[in-house]
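Taking it in order: structure first as structure tokens, then the write-up.
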Amino acid sequence: MIDADLIALADGQVIRLAGLQVAKPQRPGAVAAEADLNAAARAYLRDAVQGRRVGIAKTADEPDRHGRIVAHVMADPGAWLQDDLVAAGLARVDSHVDKRGCGALLLEREEKARQRGLGLWATRLGTIFRADRPDELTGEIGRFAIVEGNVVSVGERPRRTYLNFGTYWNEDFTAYVDRRHRAGFERAGVRLGSLAGQRVRVRGFVIDDRGPAIRMTGPEQLQRVD
């Protein structure tokens with residue numbers, strides 16, 4: 001084991017746990033609690049996998065840009081590492097590409113951990129940002145965030161579909177789906193064009209695109225909120 005979301009195999013290969021965002025205390029603006037959360041996740045992985053056989057289910061055909069295998073991992077005698085980390089509040093779900101169909105299960109675990117205030121959900125990392133407060137999101141550019149709000153309008157364009165959370169498109173928060181990813185939402189039964197007036201929660205890395213925005217590549221990044 002080498003980090004809170006990385007494990008090293010005996011043959012030298014490194015596995016990055018798919019679908020997770022764990023605390024990274026070395027990032028700019030990190031707080032003391034993030035170091036504790038990172039240490040707790042590393043301790044769990046060490047106890048779960050050290051000296052044991054593991055099962056690997058790849059979520060990508062090719063290694064990531066660092067040469068690491070991206071996968072879900074089962075530790076003998078059957079612990080699903082991602083599930084345990086999320087359930088303990090030691091990771092947030094980041095299933096922007098979920099070829100294994102595990103996103104929905106992990107989101108259920110995450111919601112239970114959030115409601116109980118476990119782990120990161122009792123810290124700044126557990127913040128669910130308000131879409132109607134874009135000024136707060138500008139400070140999150142380049143970071144993973146979960147944002148909740150009412151969709152004011154849906155903009156259908158040839159290249160993209162936009163979920164607008166305000167009327168000032170150059171300032172307000174926006175989530176969008178590129179044309180090549182629309183089919184994935186349709187297969188999951190998510191009709192983007194019908195979301196106007198709906199309250200939703202989106203997750204991903206915040207970018208600056210004429211105001212704070214999140215690019216969604218898979219339906220697991222979008223949740224309807226009752």
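As shown in the structure tokens, the chain order sets the letters A, B, ...; within each chain, residues go from 1, and ligands are also counted from 1 in the order they appear.
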
- prompt: Which polymer residues have any atom within 12 Å of an atom of Gly126 in chain A, counting only C-alpha atoms, with same-chain residues fewer than 4 positions away left out, as a list in words?
  reply: Gln21, Val22, Ala23, Ala33, Glu34, Leu37, Gly89, Leu90, Ala91, Arg92, Val93, Glu110, Glu111, Ala113, Arg114, Gln115, Arg116, Gly117, Leu118, Gly119, Leu120, Trp121, Ala122, Phe144, Ala145, Ile146 and Val147 of chain A

field: Contact residues around range 166-169 of chain A with only C-alpha atoms at 9 Å, ignoring same-chain residues under 3 positions, as an NGL selection string
entry: :A and (131-132 or 150-153 or 172-174 or 210-211)

Which of range 23-83 of chain A fall in helix (DSSP H, G or I), as a count of residues only: 21

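You can rank A:Arg124, A:Gly103, A:Ala71, A:Arg160 by their closest distance to Ala188 in chain A using only C-alpha atoms, and at the top of that list sits A:Gly103.
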
Nearest candidate to Asp47 in chain A (options A:Ile141, A:Ile7, A:Leu20, A:Ala213; using only C-alpha atoms): A:Ile7

query: Which polymer residues have any atom within 7 Å of an atom of Lys58 in chain A, counting only C-alpha atoms, with same-chain residues fewer than 2 positions away left out, as a list in words?
result: Ile56, Ala60, Val70, Ala71 and His72 of chain A

- line: From CA of Glu148 in chain A to CA of Thr59 in chain A the spacing works out at 27.2 Å

- prompt: With only C-alpha atoms as the basis for distance, which of A:Cys102, A:Glu136, A:Arg179, A:Asp5 is at the shortest distance from Arg157 in chain A?
  reply: A:Arg179

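Taking CA of Tyr162 in chain A as the reference point, CA of Val177 in chain A is found at 6.6 Å.
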
task: Take CA of Asp3 in chain A and CA of Val86 in chain A and report the distance between them in Å, one decimal.
output: 15.7 Å

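Each of A:Arg187, A:Arg52, A:Arg46, A:Arg68 was checked against Ile15 in chain A using only C-alpha atoms; the smallest atom-to-atom distance is that of A:Arg68.
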
Considering only C-alpha atoms, return as a short mmCIF file (atom, residue, chain, number, x, y, z; two decimals) with N, CA and C atoms, in the first residue's frame whatever protein or nucleic-acid residues lie within 12 Å of Ala8 in chain A, sequence-local ones (same chain, fewer than 5 positions apart) excluded.
data_model
loop_
_atom_site.label_atom_id
_atom_site.label_comp_id
_atom_site.auth_asym_id
_atom_site.auth_seq_id
_atom_site.Cartn_x
_atom_site.Cartn_y
_atom_site.Cartn_z
N MET A 1 0.84 -1.19 0.00
CA MET A 1 0.00 0.00 0.00
C MET A 1 0.87 1.24 0.00
N ILE A 2 0.52 2.23 -0.84
CA ILE A 2 1.37 3.40 -0.91
C ILE A 2 0.63 4.73 -0.73
N ASP A 3 -0.68 4.75 -0.79
CA ASP A 3 -1.42 5.98 -0.52
C ASP A 3 -2.87 5.64 -0.25
N GLN A 13 3.13 -3.62 -10.04
CA GLN A 13 2.05 -2.81 -10.60
C GLN A 13 1.38 -1.98 -9.50
N VAL A 14 0.91 -0.80 -9.88
CA VAL A 14 0.21 0.07 -8.94
C VAL A 14 -1.23 0.19 -9.38
N ILE A 15 -2.14 -0.01 -8.43
CA ILE A 15 -3.57 0.08 -8.69
C ILE A 15 -4.10 1.38 -8.10
N ARG A 16 -4.81 2.16 -8.91
CA ARG A 16 -5.53 3.32 -8.39
C ARG A 16 -6.99 2.93 -8.23
N LEU A 17 -7.52 3.11 -7.03
CA LEU A 17 -8.90 2.73 -6.76
C LEU A 17 -9.84 3.60 -7.57
N LEU A 45 -6.45 0.50 4.12
CA LEU A 45 -5.93 -0.26 2.99
C LEU A 45 -4.81 -1.18 3.41
N ARG A 46 -3.95 -0.71 4.28
CA ARG A 46 -2.84 -1.55 4.74
C ARG A 46 -3.39 -2.81 5.42
N VAL A 49 -5.24 -5.22 2.67
CA VAL A 49 -4.58 -5.88 1.55
C VAL A 49 -3.18 -6.40 1.82
N GLN A 50 -2.53 -5.94 2.84
CA GLN A 50 -1.11 -6.32 3.03
C GLN A 50 -0.98 -7.82 3.22
N GLY A 51 -0.20 -8.44 2.34
CA GLY A 51 0.05 -9.87 2.41
C GLY A 51 -1.10 -10.73 1.93
N ARG A 52 -2.12 -10.13 1.31
CA ARG A 52 -3.29 -10.89 0.87
C ARG A 52 -3.45 -10.84 -0.65
N ARG A 53 -4.18 -11.78 -1.17
CA ARG A 53 -4.54 -11.77 -2.58
C ARG A 53 -5.70 -10.81 -2.78
N VAL A 54 -5.72 -10.16 -3.95
CA VAL A 54 -6.82 -9.25 -4.26
C VAL A 54 -7.37 -9.57 -5.64
N ARG A 68 -0.73 3.76 -13.96
CA ARG A 68 -1.39 2.96 -12.93
C ARG A 68 -2.66 2.31 -13.49
N ILE A 69 -2.96 1.11 -13.01
CA ILE A 69 -4.19 0.42 -13.39
C ILE A 69 -5.34 0.99 -12.57
N VAL A 73 -11.38 -3.00 -6.48
CA VAL A 73 -10.53 -4.03 -5.87
C VAL A 73 -11.31 -4.76 -4.78
#

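Each of A:Ala88, A:Ile128, A:Ile214, A:Ala57 was checked against Ala75 in chain A using only C-alpha atoms; the smallest atom-to-atom distance is that of A:Ala57.
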